[in-house]
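Coordinates as given in work35.csv (CSV, C-alpha atoms and all ligand atoms):
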chain,number,residue,atom,x,y,z
A,1,MET,CA,94.3,116.3,114.1
A,2,LYS,CA,93.1,118.1,111.1
A,3,ARG,CA,90.4,116.3,109.0
A,4,ILE,CA,91.0,116.4,105.2
A,5,VAL,CA,88.2,115.5,102.7
A,6,ALA,CA,89.3,115.1,99.1
A,7,LEU,CA,86.9,115.8,96.2
A,8,VAL,CA,87.9,113.8,93.1
A,9,SER,CA,86.7,112.9,89.6
A,10,GLY,CA,89.4,110.7,88.2
A,11,ARG,CA,92.5,108.6,88.7
A,12,GLY,CA,93.6,110.3,92.0
A,13,SER,CA,97.3,110.5,91.7
A,14,ASN,CA,97.3,113.8,93.6
A,15,LEU,CA,95.1,112.3,96.3
A,16,GLN,CA,97.6,109.5,96.5
A,17,ALA,CA,100.6,111.9,96.8
A,18,ILE,CA,98.8,113.8,99.6
A,19,HIS,CA,97.8,110.7,101.5
A,20,GLN,CA,101.2,109.1,101.3
A,21,ALA,CA,102.9,112.3,102.4
A,22,CYS,CA,100.5,112.7,105.3
A,23,LEU,CA,101.3,109.2,106.5
A,24,GLN,CA,105.1,109.2,105.8
A,25,GLN,CA,105.7,112.7,107.3
A,26,ALA,CA,103.3,112.1,110.2
A,27,TRP,CA,101.3,115.3,109.6
A,28,PRO,CA,98.9,116.4,112.3
A,29,ALA,CA,96.1,115.4,109.9
A,30,ALA,CA,94.3,112.5,108.2
A,31,VAL,CA,92.5,112.1,104.9
A,32,VAL,CA,89.1,111.0,106.3
A,33,ALA,CA,87.1,110.8,103.2
A,34,VAL,CA,87.2,110.8,99.4
A,35,VAL,CA,84.1,112.0,97.6
A,36,SER,CA,83.7,111.6,93.8
A,37,ASN,CA,81.2,112.9,91.4
A,38,ARG,CA,82.0,110.0,89.1
A,39,PRO,CA,81.1,106.4,90.3
A,40,GLY,CA,84.1,104.8,88.5
A,41,ALA,CA,86.8,107.1,89.6
A,42,GLY,CA,90.1,105.3,90.2
A,43,ALA,CA,90.6,107.5,93.3
A,44,LEU,CA,87.8,105.7,95.0
A,45,ASP,CA,89.6,102.4,94.6
A,46,TYR,CA,92.7,103.8,96.1
A,47,ALA,CA,90.8,105.2,99.0
A,48,ALA,CA,88.9,102.0,99.6
A,49,GLN,CA,92.2,100.0,99.5
A,50,HIS,CA,93.6,102.3,102.2
A,51,GLY,CA,90.7,102.3,104.6
A,52,ILE,CA,89.5,105.8,103.7
A,53,ALA,CA,85.8,106.4,103.7
A,54,THR,CA,84.4,106.9,100.2
A,55,ALA,CA,81.2,108.4,98.8
A,56,VAL,CA,79.8,109.2,95.4
A,57,VAL,CA,77.6,112.2,94.6
A,58,ASP,CA,76.8,111.6,90.9
A,59,HIS,CA,76.1,114.9,89.2
A,60,ARG,CA,74.0,113.1,86.6
A,61,SER,CA,71.5,112.0,89.2
A,62,GLN,CA,71.0,115.5,90.5
A,63,PRO,CA,68.3,117.8,88.9
A,64,SER,CA,70.4,121.0,89.0
A,65,ARG,CA,73.8,122.4,89.8
A,66,GLU,CA,72.4,123.7,93.1
A,67,ALA,CA,71.0,120.3,94.0
A,68,PHE,CA,74.4,118.7,93.3
A,69,ASP,CA,76.2,121.3,95.4
A,70,ASP,CA,73.7,120.8,98.3
A,71,ALA,CA,74.0,117.0,98.1
A,72,LEU,CA,77.8,117.3,98.0
A,73,ALA,CA,77.9,119.7,101.0
A,74,GLN,CA,75.7,117.3,103.0
A,75,VAL,CA,78.1,114.4,102.4
A,76,VAL,CA,81.2,116.5,103.0
A,77,ASP,CA,79.8,118.0,106.2
A,78,ALA,CA,79.1,114.6,107.6
A,79,HIS,CA,82.9,114.2,107.8
A,80,ALA,CA,83.4,117.5,109.6
A,81,PRO,CA,86.4,118.6,107.5
A,82,ASP,CA,89.0,121.2,108.5
A,83,LEU,CA,90.2,121.3,104.9
A,84,LEU,CA,88.7,120.3,101.5
A,85,VAL,CA,91.2,119.5,98.8
A,86,LEU,CA,90.1,119.4,95.2
A,87,ALA,CA,92.3,116.7,93.6
A,88,GLY,CA,91.3,116.4,90.0
A,89,PHE,CA,87.8,117.4,90.7
A,90,MET,CA,86.3,118.4,87.4
A,91,ARG,CA,82.9,120.0,88.3
A,92,ILE,CA,82.4,123.7,88.7
A,93,LEU,CA,81.2,124.5,92.2
A,94,GLY,CA,78.6,127.2,92.8
A,95,ALA,CA,79.3,130.3,94.8
A,96,SER,CA,77.3,129.2,97.9
A,97,PHE,CA,79.3,125.9,98.1
A,98,VAL,CA,82.6,127.8,97.7
A,99,GLN,CA,81.6,130.4,100.3
A,100,ARG,CA,80.7,127.7,102.8
A,101,TYR,CA,84.3,126.4,102.7
A,102,GLN,CA,86.1,129.6,101.8
A,103,GLY,CA,89.6,129.7,103.4
A,104,ARG,CA,89.6,126.0,103.9
A,105,MET,CA,89.4,124.7,100.3
A,106,LEU,CA,92.4,124.2,98.1
A,107,ASN,CA,92.6,123.3,94.4
A,108,ILE,CA,95.4,122.3,92.1
A,109,HIS,CA,95.3,123.4,88.5
A,110,PRO,CA,97.7,122.3,85.8
A,111,SER,CA,98.8,125.8,84.6
A,112,LEU,CA,100.6,128.8,85.8
A,113,LEU,CA,97.5,130.7,86.9
A,114,PRO,CA,96.2,133.2,86.0
A,115,ALA,CA,97.1,131.8,82.6
A,116,PHE,CA,94.8,129.1,81.2
A,117,PRO,CA,92.0,128.6,83.6
A,118,GLY,CA,89.5,125.9,82.6
A,119,LEU,CA,90.1,122.9,80.4
A,120,HIS,CA,92.9,121.8,77.9
A,121,THR,CA,95.6,123.8,79.7
A,122,HIS,CA,98.5,122.0,78.1
A,123,ARG,CA,97.1,122.2,74.6
A,124,ARG,CA,96.5,125.9,75.0
A,125,ALA,CA,100.0,126.5,76.5
A,126,LEU,CA,101.6,124.7,73.5
A,127,GLU,CA,99.4,126.6,71.0
A,128,ALA,CA,100.4,129.9,72.7
A,129,GLY,CA,104.1,129.0,72.2
A,130,CYS,CA,104.8,129.1,76.0
A,131,GLN,CA,108.4,128.3,76.9
A,132,ALA,CA,107.4,127.4,80.5
A,133,ALA,CA,104.4,125.6,82.0
A,134,GLY,CA,103.5,124.5,85.4
A,135,ALA,CA,100.9,124.0,88.1
A,136,THR,CA,99.3,126.1,90.8
A,137,VAL,CA,97.9,125.3,94.2
A,138,HIS,CA,95.4,128.0,95.3
A,139,PHE,CA,92.6,128.7,97.7
A,140,VAL,CA,89.3,128.3,96.0
A,141,THR,CA,87.1,131.4,95.4
A,142,PRO,CA,83.9,131.6,93.5
A,143,GLU,CA,85.7,132.6,90.3
A,144,LEU,CA,86.9,129.4,88.4
A,145,ASP,CA,90.6,128.6,88.8
A,146,HIS,CA,91.2,131.8,90.6
A,147,GLY,CA,92.0,132.6,94.2
A,148,PRO,CA,95.0,133.3,96.4
A,149,ILE,CA,98.0,131.3,95.2
A,150,VAL,CA,99.8,129.1,97.7
A,151,MET,CA,102.5,127.6,95.5
A,152,GLN,CA,103.4,127.2,91.8
A,153,SER,CA,105.8,124.8,90.0
A,154,VAL,CA,107.5,125.7,86.8
A,155,VAL,CA,108.7,123.3,84.1
A,156,PRO,CA,110.2,124.0,80.7
A,157,VAL,CA,108.3,123.3,77.5
A,158,ARG,CA,110.6,121.3,75.3
A,159,PRO,CA,110.8,121.1,71.5
A,160,GLY,CA,108.7,118.2,70.3
A,161,ASP,CA,106.4,118.3,73.4
A,162,ASP,CA,102.8,117.2,72.9
A,163,GLU,CA,99.9,117.5,75.3
A,164,ASP,CA,100.7,114.2,76.9
A,165,SER,CA,104.4,114.8,77.4
A,166,LEU,CA,103.9,118.2,78.8
A,167,ALA,CA,101.0,117.0,81.1
A,168,ALA,CA,103.3,114.3,82.5
A,169,ARG,CA,106.1,116.7,83.2
A,170,VAL,CA,103.7,119.1,85.0
A,171,LEU,CA,101.9,116.2,86.9
A,172,ALA,CA,105.2,115.0,88.4
A,173,THR,CA,105.6,118.5,90.0
A,174,GLU,CA,102.0,118.5,91.1
A,175,HIS,CA,102.9,115.6,93.3
A,176,SER,CA,105.5,117.7,95.0
A,177,ILE,CA,103.7,121.0,95.4
A,178,TYR,CA,100.3,119.8,96.4
A,179,PRO,CA,101.4,117.7,99.4
A,180,LEU,CA,103.6,120.6,100.5
A,181,ALA,CA,100.8,123.1,100.3
A,182,VAL,CA,98.4,120.9,102.2
A,183,ARG,CA,101.1,120.2,104.8
A,184,TRP,CA,101.5,124.0,105.3
A,185,PHE,CA,97.8,124.4,105.7
A,186,VAL,CA,97.4,121.7,108.3
A,187,GLU,CA,100.4,123.0,110.2
A,188,GLY,CA,98.8,126.5,110.2
A,189,LYS,CA,101.6,128.0,108.2
A,190,LEU,CA,99.5,129.8,105.5
A,191,GLN,CA,98.2,133.3,105.9
A,192,ILE,CA,96.1,135.2,103.4
A,193,GLU,CA,96.9,138.9,103.4
A,194,GLN,CA,95.2,141.2,100.9
A,195,GLY,CA,94.5,138.3,98.6
A,196,ARG,CA,98.1,137.0,98.7
A,197,VAL,CA,99.3,133.9,100.6
A,198,ARG,CA,102.3,134.1,102.9
A,199,GLN,CA,104.0,131.0,104.1
A,200,THR,CA,104.8,132.0,107.7
A,201,ASP,CA,108.2,130.2,107.8
A,202,GLY,CA,109.2,132.2,104.7
A,203,ALA,CA,109.6,128.9,102.7
A,204,SER,CA,109.8,129.3,99.0
A,205,GLN,CA,106.4,129.1,97.3
A,206,VAL,CA,107.8,128.2,93.9
A,207,LEU,CA,109.3,125.0,92.7
A,208,ILE,CA,111.5,125.4,89.6
B,1,LIG,C1,95.7,117.0,87.5
B,1,LIG,O1,96.6,117.3,86.5
B,1,LIG,C2,95.1,118.2,88.1
B,1,LIG,O2,96.0,119.3,88.1
B,1,LIG,C3,94.0,118.5,87.1
B,1,LIG,O3,93.5,117.2,86.8
B,1,LIG,C4,94.5,116.2,87.0
B,1,LIG,C5,94.0,115.2,88.0
B,1,LIG,O4,94.9,114.1,88.1
B,1,LIG,N1,93.0,119.3,87.6
B,1,LIG,C6,92.3,120.2,86.9
B,1,LIG,O5,92.4,120.3,85.7
B,1,LIG,C7,91.3,121.0,87.7
B,1,LIG,N2,90.9,122.2,86.9
B,1,LIG,P1,94.8,113.1,89.3
B,1,LIG,O6,93.4,112.6,89.3
B,1,LIG,O7,95.8,112.0,88.9
B,1,LIG,O8,95.2,113.8,90.5

Would you mind writing the file's structure down as structure tokens?
Amino acid sequence: MKRIVALVSGRGSNLQAIHQACLQQAWPAAVVAVVSNRPGAGALDYAAQHGIATAVVDHRSQPSREAFDDALAQVVDAHAPDLLVLAGFMRILGASFVQRYQGRMLNIHPSLLPAFPGLHTHRRALEAGCQAAGATVHFVTPELDHGPIVMQSVVPVRPGDDEDSLAARVLATEHSIYPLAVRWFVEGKLQIEQGRVRQTDGASQVLI
């Protein structure tokens, strides 16, 4: 049974999608803890309602980035995770934290990486005149929103789209690709070869 710890900052719809898929598809895994850097995160309510352990490591109460990372690692390690999933976690993690969990930490980012790392992805995609947008699940490396790509989803940008309508279209696909990527991980079906991720069944790693 693989132990999954989720790091969150907000509403937690991706956490919910992963947790529900885990239960409904009887993965050899369990979401054992949800850790937030924001005390009021909706994801914490979802976790508490579903009997998942919760913890808050408030970045504002830590004297430095390093201190925050250390406090976070201590809380995370107490749950002995096999996999960390960043599910709307909006803090930049330092290199030593990332290296500690390298190869067992996934993130979802709402763009077709390597385009638009960082914030305001949908606004930037619209401003650039992109005809397609999407989301990326990737292994986390010290470089922000970078790292071996597990799966991507692609959606059209439609005339009249604004940030909200595009974000909603992308988010709906996040709820498909993130659970799938996590499932592959816990089933041992992901291999990283020369910085590229191979799904060992040969399953498609793009959702269009
Ligand atoms: C999602 O769109 C996720 O891709 C994004 O935050 C949202 C969280 O929603 N993550 C990032 O921007 C990370 N760089 P959720 O809390 O409902 O899962």

*asked:* Here is a test: counting only C-alpha atoms, which residue of A:Leu83, A:Ala55, A:Leu119, A:Val155 is nearest to Arg100 of chain A?
replied: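 The closest residue to Arg100 of chain A is A:Leu83.
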
*Would you mind telling me which residue in A:Asp164, A:Asp69, A:Glu127, A:Asp58 lies nearest to ligand LIG 1 (chain B) when using all atoms listed in the file?*
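Ranking A:Asp164, A:Asp69, A:Glu127, A:Asp58 by distance to ligand LIG 1 (chain B), first place goes to A:Asp164.
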
*Nearest to Ala87 of chain A among A:Arg11, A:His59, A:Lys2, A:Arg169, with distances taken over all atoms listed in the file: which residue is it?*
A:Arg11

Environment of ligand LIG 1 (chain B) within 8 Å, counting only C-alpha atoms and all ligand atoms, reported as a PDB file with C-alpha atoms, in the coordinates of the input:
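Contents of pocket_27.pdb, freshly written:
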ATOM      1  CA  VAL A   8      87.900 113.800  93.100  1.00  0.00           C
ATOM      2  CA  SER A   9      86.700 112.900  89.600  1.00  0.00           C
ATOM      3  CA  GLY A  10      89.400 110.700  88.200  1.00  0.00           C
ATOM      4  CA  ARG A  11      92.500 108.600  88.700  1.00  0.00           C
ATOM      5  CA  GLY A  12      93.600 110.300  92.000  1.00  0.00           C
ATOM      6  CA  SER A  13      97.300 110.500  91.700  1.00  0.00           C
ATOM      7  CA  ASN A  14      97.300 113.800  93.600  1.00  0.00           C
ATOM      8  CA  LEU A  15      95.100 112.300  96.300  1.00  0.00           C
ATOM      9  CA  GLN A  16      97.600 109.500  96.500  1.00  0.00           C
ATOM     10  CA  ALA A  43      90.600 107.500  93.300  1.00  0.00           C
ATOM     11  CA  LEU A  86      90.100 119.400  95.200  1.00  0.00           C
ATOM     12  CA  ALA A  87      92.300 116.700  93.600  1.00  0.00           C
ATOM     13  CA  GLY A  88      91.300 116.400  90.000  1.00  0.00           C
ATOM     14  CA  PHE A  89      87.800 117.400  90.700  1.00  0.00           C
ATOM     15  CA  MET A  90      86.300 118.400  87.400  1.00  0.00           C
ATOM     16  CA  ASN A 107      92.600 123.300  94.400  1.00  0.00           C
ATOM     17  CA  ILE A 108      95.400 122.300  92.100  1.00  0.00           C
ATOM     18  CA  HIS A 109      95.300 123.400  88.500  1.00  0.00           C
ATOM     19  CA  PRO A 110      97.700 122.300  85.800  1.00  0.00           C
ATOM     20  CA  SER A 111      98.800 125.800  84.600  1.00  0.00           C
ATOM     21  CA  PRO A 117      92.000 128.600  83.600  1.00  0.00           C
ATOM     22  CA  GLY A 118      89.500 125.900  82.600  1.00  0.00           C
ATOM     23  CA  LEU A 119      90.100 122.900  80.400  1.00  0.00           C
ATOM     24  CA  HIS A 120      92.900 121.800  77.900  1.00  0.00           C
ATOM     25  CA  THR A 121      95.600 123.800  79.700  1.00  0.00           C
ATOM     26  CA  ALA A 135     100.900 124.000  88.100  1.00  0.00           C
ATOM     27  CA  ASP A 145      90.600 128.600  88.800  1.00  0.00           C
ATOM     28  CA  ALA A 167     101.000 117.000  81.100  1.00  0.00           C
ATOM     29  CA  VAL A 170     103.700 119.100  85.000  1.00  0.00           C
ATOM     30  CA  LEU A 171     101.900 116.200  86.900  1.00  0.00           C
ATOM     31  CA  GLU A 174     102.000 118.500  91.100  1.00  0.00           C
TER      32      GLU A 174
END

_Straight-line distance linking atom CA of Ala172 of chain A with atom CA of Arg91 of chain A, stated in Å to one decimal_ = 22.9 Å

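Those residues that approach Asp45 of chain A to within 10 Å, counting only C-alpha atoms, are Arg11, Gly12, Val34, Gly40, Ala41, Gln49, His50, Ile52 and Thr54 of chain A; same-chain residues fewer than 4 positions away are not listed.
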
Output file for the selection above: C-alpha atoms, as a PDB file, keeping the file's coordinate frame:
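Now in out-v7.pdb:
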ATOM      1  CA  ARG A  11      92.500 108.600  88.700  1.00  0.00           C
ATOM      2  CA  GLY A  12      93.600 110.300  92.000  1.00  0.00           C
ATOM      3  CA  VAL A  34      87.200 110.800  99.400  1.00  0.00           C
ATOM      4  CA  GLY A  40      84.100 104.800  88.500  1.00  0.00           C
ATOM      5  CA  ALA A  41      86.800 107.100  89.600  1.00  0.00           C
ATOM      6  CA  GLN A  49      92.200 100.000  99.500  1.00  0.00           C
ATOM      7  CA  HIS A  50      93.600 102.300 102.200  1.00  0.00           C
ATOM      8  CA  ILE A  52      89.500 105.800 103.700  1.00  0.00           C
ATOM      9  CA  THR A  54      84.400 106.900 100.200  1.00  0.00           C
TER      10      THR A  54
END

*For Val98 of chain A: contacts at 10 Å, all atoms listed in the file, fewer than 4 positions along chain excluded, given as a PyMOL selection string*: chain A and resi 69+73+92-94+102-105+140-143

*asked:* As an exercise, work out the distance from atom CA of Ile208 of chain A to atom CA of His138 of chain A in Å and give it to one decimal place.
replied: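 Atom CA of His138 of chain A lies 17.3 Å from atom CA of Ile208 of chain A.
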